[in-house]
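Below is the file structure_22.pdb, which contains PDB, N, CA and C atoms and all ligand atoms.
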```pdb
ATOM      1  N   MET A 276      20.621 -38.193 -11.919
ATOM      2  CA  MET A 276      19.385 -38.836 -12.342
ATOM      3  C   MET A 276      18.299 -38.587 -11.291
ATOM      4  N   ARG A 277      17.097 -38.401 -11.786
ATOM      5  CA  ARG A 277      15.988 -38.219 -10.855
ATOM      6  C   ARG A 277      15.759 -39.506 -10.065
ATOM      7  N   MET A 278      15.220 -39.372  -8.885
ATOM      8  CA  MET A 278      15.035 -40.558  -8.054
ATOM      9  C   MET A 278      13.692 -41.220  -8.283
ATOM     10  N   VAL A 279      12.846 -40.576  -9.052
ATOM     11  CA  VAL A 279      11.564 -41.208  -9.341
ATOM     12  C   VAL A 279      11.576 -41.653 -10.787
ATOM     13  N   THR A 280      11.218 -42.887 -10.980
ATOM     14  CA  THR A 280      11.285 -43.433 -12.320
ATOM     15  C   THR A 280       9.888 -43.848 -12.774
ATOM     16  N   GLY A 281       9.816 -44.813 -13.655
ATOM     17  CA  GLY A 281       8.541 -45.173 -14.286
ATOM     18  C   GLY A 281       7.481 -45.649 -13.324
ATOM     19  N   GLU A 282       6.347 -45.990 -13.887
ATOM     20  CA  GLU A 282       5.247 -46.510 -13.089
ATOM     21  C   GLU A 282       5.264 -48.022 -13.170
ATOM     22  N   ASP A 283       4.763 -48.647 -12.134
ATOM     23  CA  ASP A 283       4.629 -50.089 -12.219
ATOM     24  C   ASP A 283       3.326 -50.402 -12.957
ATOM     25  N   MET A 284       2.973 -51.670 -13.027
ATOM     26  CA  MET A 284       1.815 -52.078 -13.826
ATOM     27  C   MET A 284       0.515 -51.446 -13.322
ATOM     28  N   SER A 285       0.474 -51.135 -12.020
ATOM     29  CA  SER A 285      -0.752 -50.557 -11.494
ATOM     30  C   SER A 285      -0.685 -49.037 -11.454
ATOM     31  N   GLY A 286       0.350 -48.473 -12.049
ATOM     32  CA  GLY A 286       0.398 -47.024 -12.178
ATOM     33  C   GLY A 286       1.052 -46.296 -11.018
ATOM     34  N   ARG A 287       1.553 -47.044 -10.032
ATOM     35  CA  ARG A 287       2.252 -46.394  -8.922
ATOM     36  C   ARG A 287       3.627 -45.953  -9.359
ATOM     37  N   LEU A 288       4.055 -44.833  -8.856
ATOM     38  CA  LEU A 288       5.406 -44.383  -9.171
ATOM     39  C   LEU A 288       6.424 -45.238  -8.420
ATOM     40  N   LEU A 289       7.516 -45.499  -9.072
ATOM     41  CA  LEU A 289       8.554 -46.316  -8.469
ATOM     42  C   LEU A 289       9.790 -45.486  -8.196
ATOM     43  N   SER A 290      10.388 -45.688  -7.045
ATOM     44  CA  SER A 290      11.697 -45.086  -6.813
ATOM     45  C   SER A 290      12.725 -45.889  -7.598
ATOM     46  N   LEU A 291      13.907 -45.337  -7.760
ATOM     47  CA  LEU A 291      14.936 -46.046  -8.524
ATOM     48  C   LEU A 291      15.250 -47.400  -7.900
ATOM     49  N   SER A 292      15.376 -47.439  -6.563
ATOM     50  CA  SER A 292      15.737 -48.725  -5.944
ATOM     51  C   SER A 292      14.602 -49.732  -6.082
ATOM     52  N   ASP A 293      13.354 -49.272  -6.001
ATOM     53  CA  ASP A 293      12.220 -50.172  -6.242
ATOM     54  C   ASP A 293      12.273 -50.719  -7.657
ATOM     55  N   ALA A 294      12.550 -49.833  -8.575
ATOM     56  CA  ALA A 294      12.591 -50.244  -9.983
ATOM     57  C   ALA A 294      13.711 -51.256 -10.197
ATOM     58  N   GLN A 295      14.856 -51.002  -9.586
ATOM     59  CA  GLN A 295      15.970 -51.951  -9.732
ATOM     60  C   GLN A 295      15.611 -53.313  -9.147
ATOM     61  N   ARG A 296      14.941 -53.280  -7.999
ATOM     62  CA  ARG A 296      14.555 -54.549  -7.373
ATOM     63  C   ARG A 296      13.581 -55.313  -8.280
ATOM     64  N   ARG A 297      12.649 -54.591  -8.857
ATOM     65  CA  ARG A 297      11.707 -55.246  -9.760
ATOM     66  C   ARG A 297      12.402 -55.851 -10.966
ATOM     67  N   VAL A 298      13.363 -55.118 -11.489
ATOM     68  CA  VAL A 298      14.098 -55.621 -12.651
ATOM     69  C   VAL A 298      14.908 -56.854 -12.247
ATOM     70  N   GLU A 299      15.476 -56.830 -11.046
ATOM     71  CA  GLU A 299      16.228 -57.998 -10.574
ATOM     72  C   GLU A 299      15.307 -59.213 -10.414
ATOM     73  N   GLU A 300      14.113 -58.983  -9.894
ATOM     74  CA  GLU A 300      13.159 -60.086  -9.754
ATOM     75  C   GLU A 300      12.769 -60.633 -11.130
ATOM     76  N   LEU A 301      12.502 -59.718 -12.030
ATOM     77  CA  LEU A 301      12.152 -60.105 -13.395
ATOM     78  C   LEU A 301      13.290 -60.916 -14.019
ATOM     79  N   PHE A 302      14.511 -60.453 -13.819
ATOM     80  CA  PHE A 302      15.672 -61.128 -14.382
ATOM     81  C   PHE A 302      15.783 -62.550 -13.824
ATOM     82  N   ALA A 303      15.588 -62.692 -12.528
ATOM     83  CA  ALA A 303      15.674 -64.022 -11.906
ATOM     84  C   ALA A 303      14.627 -64.962 -12.507
ATOM     85  N   ARG A 304      13.422 -64.430 -12.700
ATOM     86  CA  ARG A 304      12.353 -65.241 -13.300
ATOM     87  C   ARG A 304      12.717 -65.662 -14.718
ATOM     88  N   LEU A 305      13.251 -64.721 -15.488
ATOM     89  CA  LEU A 305      13.589 -65.012 -16.886
ATOM     90  C   LEU A 305      14.743 -66.010 -16.974
ATOM     91  N   CYS A 306      15.701 -65.918 -16.042
ATOM     92  CA  CYS A 306      16.804 -66.884 -16.032
ATOM     93  C   CYS A 306      16.269 -68.298 -15.837
ATOM     94  N   GLU A 307      15.274 -68.422 -14.961
ATOM     95  CA  GLU A 307      14.670 -69.744 -14.771
ATOM     96  C   GLU A 307      13.973 -70.197 -16.027
ATOM     97  N   GLU A 308      13.218 -69.272 -16.606
ATOM     98  CA  GLU A 308      12.469 -69.600 -17.820
ATOM     99  C   GLU A 308      13.398 -70.079 -18.939
ATOM    100  N   TYR A 309      14.535 -69.401 -19.094
ATOM    101  CA  TYR A 309      15.475 -69.745 -20.167
ATOM    102  C   TYR A 309      16.482 -70.800 -19.730
ATOM    103  N   ASP A 310      16.413 -71.176 -18.436
ATOM    104  CA  ASP A 310      17.355 -72.137 -17.881
ATOM    105  C   ASP A 310      18.801 -71.688 -18.126
ATOM    106  N   VAL A 311      19.058 -70.453 -17.736
ATOM    107  CA  VAL A 311      20.374 -69.853 -17.914
ATOM    108  C   VAL A 311      20.849 -69.340 -16.554
ATOM    109  N   GLU A 312      22.123 -69.594 -16.259
ATOM    110  CA  GLU A 312      22.735 -69.022 -15.046
ATOM    111  C   GLU A 312      23.377 -67.701 -15.419
ATOM    112  N   ALA A 313      22.915 -66.630 -14.828
ATOM    113  CA  ALA A 313      23.471 -65.329 -15.196
ATOM    114  C   ALA A 313      23.285 -64.363 -14.043
ATOM    115  N   SER A 314      24.073 -63.317 -14.065
ATOM    116  CA  SER A 314      23.850 -62.265 -13.089
ATOM    117  C   SER A 314      23.642 -60.944 -13.813
ATOM    118  N   LEU A 315      22.977 -60.060 -13.112
ATOM    119  CA  LEU A 315      22.584 -58.775 -13.690
ATOM    120  C   LEU A 315      23.357 -57.659 -12.993
ATOM    121  N   GLU A 316      23.890 -56.762 -13.787
ATOM    122  CA  GLU A 316      24.553 -55.581 -13.237
ATOM    123  C   GLU A 316      23.968 -54.337 -13.897
ATOM    124  N   PHE A 317      23.890 -53.268 -13.124
ATOM    125  CA  PHE A 317      23.422 -51.995 -13.665
ATOM    126  C   PHE A 317      24.621 -51.101 -13.922
ATOM    127  N   ARG A 318      24.610 -50.456 -15.058
ATOM    128  CA  ARG A 318      25.661 -49.492 -15.400
ATOM    129  C   ARG A 318      24.989 -48.266 -16.016
ATOM    130  N   ALA A 319      25.630 -47.126 -15.869
ATOM    131  CA  ALA A 319      25.114 -45.923 -16.522
ATOM    132  C   ALA A 319      25.872 -45.703 -17.822
ATOM    133  N   TYR A 320      25.271 -46.146 -18.915
ATOM    134  CA  TYR A 320      25.876 -45.946 -20.230
ATOM    135  C   TYR A 320      25.259 -44.720 -20.888
ATOM    136  N   LYS A 321      26.045 -44.110 -21.746
ATOM    137  CA  LYS A 321      25.538 -42.939 -22.448
ATOM    138  C   LYS A 321      24.512 -43.335 -23.509
ATOM    139  N   ARG A 322      24.864 -44.258 -24.397
ATOM    140  CA  ARG A 322      23.968 -44.632 -25.493
ATOM    141  C   ARG A 322      23.593 -46.105 -25.474
ATOM    142  N   ARG A 323      24.448 -46.929 -24.929
ATOM    143  CA  ARG A 323      24.223 -48.372 -24.975
ATOM    144  C   ARG A 323      23.015 -48.746 -24.123
ATOM    145  N   ILE A 324      22.266 -49.735 -24.585
ATOM    146  CA  ILE A 324      21.096 -50.174 -23.833
ATOM    147  C   ILE A 324      21.473 -51.290 -22.867
ATOM    148  N   ALA A 325      22.189 -52.248 -23.394
ATOM    149  CA  ALA A 325      22.605 -53.370 -22.554
ATOM    150  C   ALA A 325      23.815 -54.030 -23.192
ATOM    151  N   LEU A 326      24.404 -54.916 -22.428
ATOM    152  CA  LEU A 326      25.625 -55.585 -22.861
ATOM    153  C   LEU A 326      25.609 -56.970 -22.241
ATOM    154  N   VAL A 327      26.080 -57.950 -22.989
ATOM    155  CA  VAL A 327      26.161 -59.282 -22.407
ATOM    156  C   VAL A 327      27.611 -59.755 -22.448
ATOM    157  N   LEU A 328      28.079 -60.293 -21.325
ATOM    158  CA  LEU A 328      29.424 -60.859 -21.252
ATOM    159  C   LEU A 328      29.241 -62.371 -21.225
ATOM    160  N   LEU A 329      29.430 -62.986 -22.369
ATOM    161  CA  LEU A 329      29.072 -64.397 -22.530
ATOM    162  C   LEU A 329      29.825 -65.299 -21.570
ATOM    163  N   ARG A 330      31.140 -65.139 -21.509
ATOM    164  CA  ARG A 330      31.935 -66.074 -20.708
ATOM    165  C   ARG A 330      31.670 -65.929 -19.228
ATOM    166  N   ARG A 331      31.389 -64.699 -18.822
ATOM    167  CA  ARG A 331      31.163 -64.467 -17.390
ATOM    168  C   ARG A 331      29.703 -64.585 -17.016
ATOM    169  N   GLY A 332      28.832 -64.741 -17.999
ATOM    170  CA  GLY A 332      27.410 -64.894 -17.697
ATOM    171  C   GLY A 332      26.813 -63.658 -17.050
ATOM    172  N   ILE A 333      27.206 -62.517 -17.560
ATOM    173  CA  ILE A 333      26.731 -61.264 -16.978
ATOM    174  C   ILE A 333      25.957 -60.463 -18.010
ATOM    175  N   VAL A 334      24.808 -59.964 -17.578
ATOM    176  CA  VAL A 334      24.061 -59.011 -18.391
ATOM    177  C   VAL A 334      24.184 -57.657 -17.713
ATOM    178  N   ARG A 335      24.611 -56.683 -18.463
ATOM    179  CA  ARG A 335      24.688 -55.317 -17.936
ATOM    180  C   ARG A 335      23.597 -54.493 -18.588
ATOM    181  N   LEU A 336      22.794 -53.889 -17.744
ATOM    182  CA  LEU A 336      21.660 -53.107 -18.229
ATOM    183  C   LEU A 336      21.918 -51.634 -17.916
ATOM    184  N   ASN A 337      21.625 -50.799 -18.881
ATOM    185  CA  ASN A 337      21.768 -49.362 -18.660
ATOM    186  C   ASN A 337      20.730 -48.904 -17.629
ATOM    187  N   VAL A 338      21.212 -48.464 -16.495
ATOM    188  CA  VAL A 338      20.309 -48.065 -15.413
ATOM    189  C   VAL A 338      19.449 -46.863 -15.828
ATOM    190  N   ARG A 339      19.918 -46.135 -16.831
ATOM    191  CA  ARG A 339      19.144 -44.978 -17.283
ATOM    192  C   ARG A 339      17.827 -45.384 -17.941
ATOM    193  N   LEU A 340      17.710 -46.666 -18.314
ATOM    194  CA  LEU A 340      16.440 -47.136 -18.871
ATOM    195  C   LEU A 340      15.325 -47.082 -17.836
ATOM    196  N   LEU A 341      15.697 -47.002 -16.576
ATOM    197  CA  LEU A 341      14.682 -46.985 -15.522
ATOM    198  C   LEU A 341      14.120 -45.589 -15.293
ATOM    199  N   ASP A 342      14.682 -44.633 -15.965
ATOM    200  CA  ASP A 342      14.196 -43.258 -15.863
ATOM    201  C   ASP A 342      13.412 -42.936 -17.141
ATOM    202  N   ASP A 343      12.189 -42.469 -16.957
ATOM    203  CA  ASP A 343      11.302 -42.285 -18.121
ATOM    204  C   ASP A 343      11.901 -41.377 -19.183
ATOM    205  N   ALA A 344      12.405 -40.231 -18.755
ATOM    206  CA  ALA A 344      12.915 -39.262 -19.731
ATOM    207  C   ALA A 344      14.172 -39.792 -20.419
ATOM    208  N   ALA A 345      15.053 -40.394 -19.627
ATOM    209  CA  ALA A 345      16.293 -40.932 -20.200
ATOM    210  C   ALA A 345      15.983 -42.080 -21.152
ATOM    211  N   ARG A 346      14.997 -42.914 -20.786
ATOM    212  CA  ARG A 346      14.636 -44.049 -21.644
ATOM    213  C   ARG A 346      14.083 -43.556 -22.982
ATOM    214  N   ARG A 347      13.235 -42.549 -22.915
ATOM    215  CA  ARG A 347      12.671 -41.980 -24.140
ATOM    216  C   ARG A 347      13.803 -41.466 -25.029
ATOM    217  N   ASP A 348      14.746 -40.830 -24.406
ATOM    218  CA  ASP A 348      15.886 -40.293 -25.145
ATOM    219  C   ASP A 348      16.724 -41.416 -25.765
ATOM    220  N   LEU A 349      16.894 -42.493 -25.027
ATOM    221  CA  LEU A 349      17.725 -43.605 -25.501
ATOM    222  C   LEU A 349      17.065 -44.387 -26.625
ATOM    223  N   ILE A 350      15.776 -44.630 -26.527
ATOM    224  CA  ILE A 350      15.137 -45.534 -27.493
ATOM    225  C   ILE A 350      14.247 -44.793 -28.484
ATOM    226  N   GLY A 351      14.084 -43.492 -28.279
ATOM    227  CA  GLY A 351      13.374 -42.696 -29.266
ATOM    228  C   GLY A 351      11.873 -42.845 -29.270
ATOM    229  N   ARG A 352      11.323 -43.397 -28.208
ATOM    230  CA  ARG A 352       9.863 -43.517 -28.124
ATOM    231  C   ARG A 352       9.468 -43.748 -26.667
ATOM    232  N   ASP A 353       8.184 -43.605 -26.408
ATOM    233  CA  ASP A 353       7.667 -43.906 -25.072
ATOM    234  C   ASP A 353       7.294 -45.372 -25.007
ATOM    235  N   GLU A 354       7.801 -46.026 -24.012
ATOM    236  CA  GLU A 354       7.397 -47.416 -23.800
ATOM    237  C   GLU A 354       7.529 -47.684 -22.309
ATOM    238  N   PRO A 355       6.534 -48.371 -21.723
ATOM    239  CA  PRO A 355       6.603 -48.614 -20.273
ATOM    240  C   PRO A 355       7.898 -49.306 -19.894
ATOM    241  N   CYS A 356       8.451 -48.880 -18.784
ATOM    242  CA  CYS A 356       9.763 -49.333 -18.336
ATOM    243  C   CYS A 356       9.905 -50.851 -18.337
ATOM    244  N   LEU A 357       9.027 -51.520 -17.594
ATOM    245  CA  LEU A 357       9.229 -52.960 -17.419
ATOM    246  C   LEU A 357       8.944 -53.735 -18.692
ATOM    247  N   VAL A 358       8.063 -53.200 -19.523
ATOM    248  CA  VAL A 358       7.779 -53.854 -20.808
ATOM    249  C   VAL A 358       9.030 -53.829 -21.676
ATOM    250  N   PHE A 359       9.618 -52.658 -21.734
ATOM    251  CA  PHE A 359      10.833 -52.529 -22.557
ATOM    252  C   PHE A 359      11.980 -53.340 -21.970
ATOM    253  N   VAL A 360      12.177 -53.201 -20.662
ATOM    254  CA  VAL A 360      13.304 -53.888 -20.019
ATOM    255  C   VAL A 360      13.161 -55.408 -20.149
ATOM    256  N   GLU A 361      11.933 -55.908 -20.055
ATOM    257  CA  GLU A 361      11.753 -57.355 -20.196
ATOM    258  C   GLU A 361      12.205 -57.817 -21.575
ATOM    259  N   ARG A 362      11.872 -57.038 -22.592
ATOM    260  CA  ARG A 362      12.284 -57.420 -23.940
ATOM    261  C   ARG A 362      13.814 -57.394 -24.075
ATOM    262  N   VAL A 363      14.432 -56.387 -23.481
ATOM    263  CA  VAL A 363      15.899 -56.299 -23.517
ATOM    264  C   VAL A 363      16.517 -57.515 -22.816
ATOM    265  N   LEU A 364      16.002 -57.823 -21.630
ATOM    266  CA  LEU A 364      16.578 -58.935 -20.867
ATOM    267  C   LEU A 364      16.383 -60.258 -21.601
ATOM    268  N   ARG A 365      15.202 -60.440 -22.193
ATOM    269  CA  ARG A 365      14.974 -61.673 -22.960
ATOM    270  C   ARG A 365      15.987 -61.768 -24.100
ATOM    271  N   HIS A 366      16.201 -60.656 -24.747
ATOM    272  CA  HIS A 366      17.158 -60.616 -25.853
ATOM    273  C   HIS A 366      18.550 -61.045 -25.373
ATOM    274  N   GLU A 367      18.991 -60.462 -24.281
ATOM    275  CA  GLU A 367      20.341 -60.771 -23.788
ATOM    276  C   GLU A 367      20.428 -62.214 -23.300
ATOM    277  N   LEU A 368      19.353 -62.718 -22.725
ATOM    278  CA  LEU A 368      19.377 -64.108 -22.256
ATOM    279  C   LEU A 368      19.411 -65.089 -23.416
ATOM    280  N   VAL A 369      18.824 -64.724 -24.541
ATOM    281  CA  VAL A 369      18.940 -65.581 -25.729
ATOM    282  C   VAL A 369      20.402 -65.635 -26.174
ATOM    283  N   HIS A 370      21.083 -64.501 -26.119
ATOM    284  CA  HIS A 370      22.519 -64.514 -26.425
ATOM    285  C   HIS A 370      23.251 -65.493 -25.510
ATOM    286  N   LEU A 371      22.950 -65.450 -24.224
ATOM    287  CA  LEU A 371      23.618 -66.344 -23.281
ATOM    288  C   LEU A 371      23.255 -67.794 -23.539
ATOM    289  N   LYS A 372      21.984 -68.010 -23.808
ATOM    290  CA  LYS A 372      21.499 -69.373 -24.068
ATOM    291  C   LYS A 372      22.218 -69.973 -25.279
ATOM    292  N   LEU A 373      22.333 -69.172 -26.322
ATOM    293  CA  LEU A 373      22.946 -69.645 -27.567
ATOM    294  C   LEU A 373      24.463 -69.498 -27.552
ATOM    295  N   ARG A 374      24.969 -68.810 -26.535
ATOM    296  CA  ARG A 374      26.403 -68.556 -26.419
ATOM    297  C   ARG A 374      26.963 -67.874 -27.666
ATOM    298  N   THR A 375      26.260 -66.886 -28.131
ATOM    299  CA  THR A 375      26.754 -66.124 -29.266
ATOM    300  C   THR A 375      26.362 -64.660 -29.130
ATOM    301  N   VAL A 376      27.225 -63.796 -29.671
ATOM    302  CA  VAL A 376      26.873 -62.377 -29.689
ATOM    303  C   VAL A 376      26.148 -62.034 -30.989
ATOM    304  N   TYR A 377      26.026 -63.023 -31.887
ATOM    305  CA  TYR A 377      25.350 -62.777 -33.158
ATOM    306  C   TYR A 377      23.857 -62.992 -33.018
ATOM    307  N   HIS A 378      23.151 -62.732 -34.086
ATOM    308  CA  HIS A 378      21.690 -62.868 -34.088
ATOM    309  C   HIS A 378      21.276 -63.856 -35.163
ATOM    310  N   PRO A 379      21.421 -65.146 -34.885
ATOM    311  CA  PRO A 379      21.069 -66.140 -35.905
ATOM    312  C   PRO A 379      19.594 -65.997 -36.295
ATOM    313  N   PRO A 380      19.307 -66.114 -37.602
ATOM    314  CA  PRO A 380      17.922 -65.967 -38.068
ATOM    315  C   PRO A 380      16.998 -66.905 -37.300
ATOM    316  N   GLY A 381      15.873 -66.397 -36.867
ATOM    317  CA  GLY A 381      14.874 -67.225 -36.196
ATOM    318  C   GLY A 381      15.104 -67.360 -34.705
ATOM    319  N   SER A 382      16.245 -66.903 -34.203
ATOM    320  CA  SER A 382      16.522 -67.065 -32.777
ATOM    321  C   SER A 382      15.965 -65.931 -31.938
ATOM    322  N   PHE A 383      15.825 -64.803 -32.556
ATOM    323  CA  PHE A 383      15.355 -63.627 -31.832
ATOM    324  C   PHE A 383      14.024 -63.183 -32.441
ATOM    325  N   GLN A 384      13.021 -63.018 -31.569
ATOM    326  CA  GLN A 384      11.713 -62.596 -32.091
ATOM    327  C   GLN A 384      11.803 -61.163 -32.596
ATOM    328  N   THR A 385      12.100 -60.261 -31.689
ATOM    329  CA  THR A 385      12.229 -58.866 -32.124
ATOM    330  C   THR A 385      13.501 -58.304 -31.528
ATOM    331  N   LEU A 386      14.225 -57.610 -32.314
ATOM    332  CA  LEU A 386      15.398 -56.934 -31.800
ATOM    333  C   LEU A 386      14.944 -55.613 -31.205
ATOM    334  N   VAL A 387      15.629 -55.203 -30.158
ATOM    335  CA  VAL A 387      15.225 -53.981 -29.449
ATOM    336  C   VAL A 387      15.326 -52.762 -30.335
TER
HETATM  337 ZN    ZN E 401      21.713 -58.764 -29.525
END
```
Rewrite the structure of this file - the entire thing - as structure tokens.
Amino acid sequence: MRMVTGEDMSGRLLSLSDAQRRVEELFARLCEEYDVEASLEFRAYKRRIALVLLRRGIVRLNVRLLDDAARRDLIGRDEPCLVFVERVLRHELVHLKLRTVYHPPGSFQTLV
């Protein structure tokens, strides 16, 4: 994987570790917002975007989403890294909040 990934909100290029740190900060903020105890792990999945382990309170995010080209390939469109990742994390945290892997009507605003 390339070591330079997406741009931050002000257009600066981010290294992979910077991007991971930002995602971790974002995740911590969202956990507070949703009042959920969870931890975040990065994994390199081929096609999967993210995974939630309900009992262990773990969200696994495909680290390839932090790479612009890989993200485009995975989701089929261009979308800013943190915008997309925030939506994914919110989605997974709703699963944790509701303690279900299903998508009850009205519980999820938009599916990824
Ligand atoms: Zn889901």
Inset, instruction - Specify as a VMD selection string each residue included when the PyMOL selection byres (((not hetatm) and name CA) within 12 of (chain E and resi 401)) is applied to this file. - result: chain A and resid 323 to 329 334 362 to 380 382 to 387
Inset, instruction - One decimal, Å: what's the distance from atom C of Asn337 in chain A over to CA of Ala303 in chain A, could you say? - result: 16.9 Å
Legend entry - DSSP-assigned strand (DSSP E) among chain A, expressed as a ChimeraX atom specification: /A:279-282,288-290,314-318,325-328,333-337
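Every residue that the PyMOL selection byres (((chain A and resi 313 and name CA) around 8) and not hetatm and name CA) selects in this file is listed here: Cys306, Val311, Glu312, Ser314, Leu315, Gly332, Ile333 and Val334 of chain A.
Nearest-residue note for Val360 in chain A: choosing from A:Glu308, A:Asp293, A:Glu299, A:Asp348, the minimum distance belongs to A:Glu299, counting only C-alpha atoms.
Going from CA of Leu291 in chain A to CA of Val338 in chain A covers 9.0 Å.
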Legend entry - helix (DSSP H, G or I) positions in chain A, given as a PyMOL selection string: chain A and resi 291-309+338-341+343-350+356-373
Write to file, as a short mmCIF file (atom, residue, chain, number, x, y, z; two decimals), in the coordinates of the input, the residues of the selection just made, with N, CA and C atoms.
```cif
data_model
loop_
_atom_site.label_atom_id
_atom_site.label_comp_id
_atom_site.auth_asym_id
_atom_site.auth_seq_id
_atom_site.Cartn_x
_atom_site.Cartn_y
_atom_site.Cartn_z
N LEU A 291 13.91 -45.34 -7.76
CA LEU A 291 14.94 -46.05 -8.52
C LEU A 291 15.25 -47.40 -7.90
N SER A 292 15.38 -47.44 -6.56
CA SER A 292 15.74 -48.72 -5.94
C SER A 292 14.60 -49.73 -6.08
N ASP A 293 13.35 -49.27 -6.00
CA ASP A 293 12.22 -50.17 -6.24
C ASP A 293 12.27 -50.72 -7.66
N ALA A 294 12.55 -49.83 -8.57
CA ALA A 294 12.59 -50.24 -9.98
C ALA A 294 13.71 -51.26 -10.20
N GLN A 295 14.86 -51.00 -9.59
CA GLN A 295 15.97 -51.95 -9.73
C GLN A 295 15.61 -53.31 -9.15
N ARG A 296 14.94 -53.28 -8.00
CA ARG A 296 14.56 -54.55 -7.37
C ARG A 296 13.58 -55.31 -8.28
N ARG A 297 12.65 -54.59 -8.86
CA ARG A 297 11.71 -55.25 -9.76
C ARG A 297 12.40 -55.85 -10.97
N VAL A 298 13.36 -55.12 -11.49
CA VAL A 298 14.10 -55.62 -12.65
C VAL A 298 14.91 -56.85 -12.25
N GLU A 299 15.48 -56.83 -11.05
CA GLU A 299 16.23 -58.00 -10.57
C GLU A 299 15.31 -59.21 -10.41
N GLU A 300 14.11 -58.98 -9.89
CA GLU A 300 13.16 -60.09 -9.75
C GLU A 300 12.77 -60.63 -11.13
N LEU A 301 12.50 -59.72 -12.03
CA LEU A 301 12.15 -60.10 -13.40
C LEU A 301 13.29 -60.92 -14.02
N PHE A 302 14.51 -60.45 -13.82
CA PHE A 302 15.67 -61.13 -14.38
C PHE A 302 15.78 -62.55 -13.82
N ALA A 303 15.59 -62.69 -12.53
CA ALA A 303 15.67 -64.02 -11.91
C ALA A 303 14.63 -64.96 -12.51
N ARG A 304 13.42 -64.43 -12.70
CA ARG A 304 12.35 -65.24 -13.30
C ARG A 304 12.72 -65.66 -14.72
N LEU A 305 13.25 -64.72 -15.49
CA LEU A 305 13.59 -65.01 -16.89
C LEU A 305 14.74 -66.01 -16.97
N CYS A 306 15.70 -65.92 -16.04
CA CYS A 306 16.80 -66.88 -16.03
C CYS A 306 16.27 -68.30 -15.84
N GLU A 307 15.27 -68.42 -14.96
CA GLU A 307 14.67 -69.74 -14.77
C GLU A 307 13.97 -70.20 -16.03
N GLU A 308 13.22 -69.27 -16.61
CA GLU A 308 12.47 -69.60 -17.82
C GLU A 308 13.40 -70.08 -18.94
N TYR A 309 14.54 -69.40 -19.09
CA TYR A 309 15.48 -69.74 -20.17
C TYR A 309 16.48 -70.80 -19.73
N VAL A 338 21.21 -48.46 -16.50
CA VAL A 338 20.31 -48.06 -15.41
C VAL A 338 19.45 -46.86 -15.83
N ARG A 339 19.92 -46.14 -16.83
CA ARG A 339 19.14 -44.98 -17.28
C ARG A 339 17.83 -45.38 -17.94
N LEU A 340 17.71 -46.67 -18.31
CA LEU A 340 16.44 -47.14 -18.87
C LEU A 340 15.32 -47.08 -17.84
N LEU A 341 15.70 -47.00 -16.58
CA LEU A 341 14.68 -46.98 -15.52
C LEU A 341 14.12 -45.59 -15.29
N ASP A 343 12.19 -42.47 -16.96
CA ASP A 343 11.30 -42.28 -18.12
C ASP A 343 11.90 -41.38 -19.18
N ALA A 344 12.40 -40.23 -18.76
CA ALA A 344 12.92 -39.26 -19.73
C ALA A 344 14.17 -39.79 -20.42
N ALA A 345 15.05 -40.39 -19.63
CA ALA A 345 16.29 -40.93 -20.20
C ALA A 345 15.98 -42.08 -21.15
N ARG A 346 15.00 -42.91 -20.79
CA ARG A 346 14.64 -44.05 -21.64
C ARG A 346 14.08 -43.56 -22.98
N ARG A 347 13.24 -42.55 -22.92
CA ARG A 347 12.67 -41.98 -24.14
C ARG A 347 13.80 -41.47 -25.03
N ASP A 348 14.75 -40.83 -24.41
CA ASP A 348 15.89 -40.29 -25.14
C ASP A 348 16.72 -41.42 -25.76
N LEU A 349 16.89 -42.49 -25.03
CA LEU A 349 17.73 -43.60 -25.50
C LEU A 349 17.07 -44.39 -26.62
N ILE A 350 15.78 -44.63 -26.53
CA ILE A 350 15.14 -45.53 -27.49
C ILE A 350 14.25 -44.79 -28.48
N CYS A 356 8.45 -48.88 -18.78
CA CYS A 356 9.76 -49.33 -18.34
C CYS A 356 9.90 -50.85 -18.34
N LEU A 357 9.03 -51.52 -17.59
CA LEU A 357 9.23 -52.96 -17.42
C LEU A 357 8.94 -53.74 -18.69
N VAL A 358 8.06 -53.20 -19.52
CA VAL A 358 7.78 -53.85 -20.81
C VAL A 358 9.03 -53.83 -21.68
N PHE A 359 9.62 -52.66 -21.73
CA PHE A 359 10.83 -52.53 -22.56
C PHE A 359 11.98 -53.34 -21.97
N VAL A 360 12.18 -53.20 -20.66
CA VAL A 360 13.30 -53.89 -20.02
C VAL A 360 13.16 -55.41 -20.15
N GLU A 361 11.93 -55.91 -20.06
CA GLU A 361 11.75 -57.36 -20.20
C GLU A 361 12.20 -57.82 -21.58
N ARG A 362 11.87 -57.04 -22.59
CA ARG A 362 12.28 -57.42 -23.94
C ARG A 362 13.81 -57.39 -24.08
N VAL A 363 14.43 -56.39 -23.48
CA VAL A 363 15.90 -56.30 -23.52
C VAL A 363 16.52 -57.52 -22.82
N LEU A 364 16.00 -57.82 -21.63
CA LEU A 364 16.58 -58.94 -20.87
C LEU A 364 16.38 -60.26 -21.60
N ARG A 365 15.20 -60.44 -22.19
CA ARG A 365 14.97 -61.67 -22.96
C ARG A 365 15.99 -61.77 -24.10
N HIS A 366 16.20 -60.66 -24.75
CA HIS A 366 17.16 -60.62 -25.85
C HIS A 366 18.55 -61.04 -25.37
N GLU A 367 18.99 -60.46 -24.28
CA GLU A 367 20.34 -60.77 -23.79
C GLU A 367 20.43 -62.21 -23.30
N LEU A 368 19.35 -62.72 -22.72
CA LEU A 368 19.38 -64.11 -22.26
C LEU A 368 19.41 -65.09 -23.42
N VAL A 369 18.82 -64.72 -24.54
CA VAL A 369 18.94 -65.58 -25.73
C VAL A 369 20.40 -65.64 -26.17
N HIS A 370 21.08 -64.50 -26.12
CA HIS A 370 22.52 -64.51 -26.42
C HIS A 370 23.25 -65.49 -25.51
N LEU A 371 22.95 -65.45 -24.22
CA LEU A 371 23.62 -66.34 -23.28
C LEU A 371 23.26 -67.79 -23.54
N LYS A 372 21.98 -68.01 -23.81
CA LYS A 372 21.50 -69.37 -24.07
C LYS A 372 22.22 -69.97 -25.28
N LEU A 373 22.33 -69.17 -26.32
CA LEU A 373 22.95 -69.64 -27.57
C LEU A 373 24.46 -69.50 -27.55
#
```
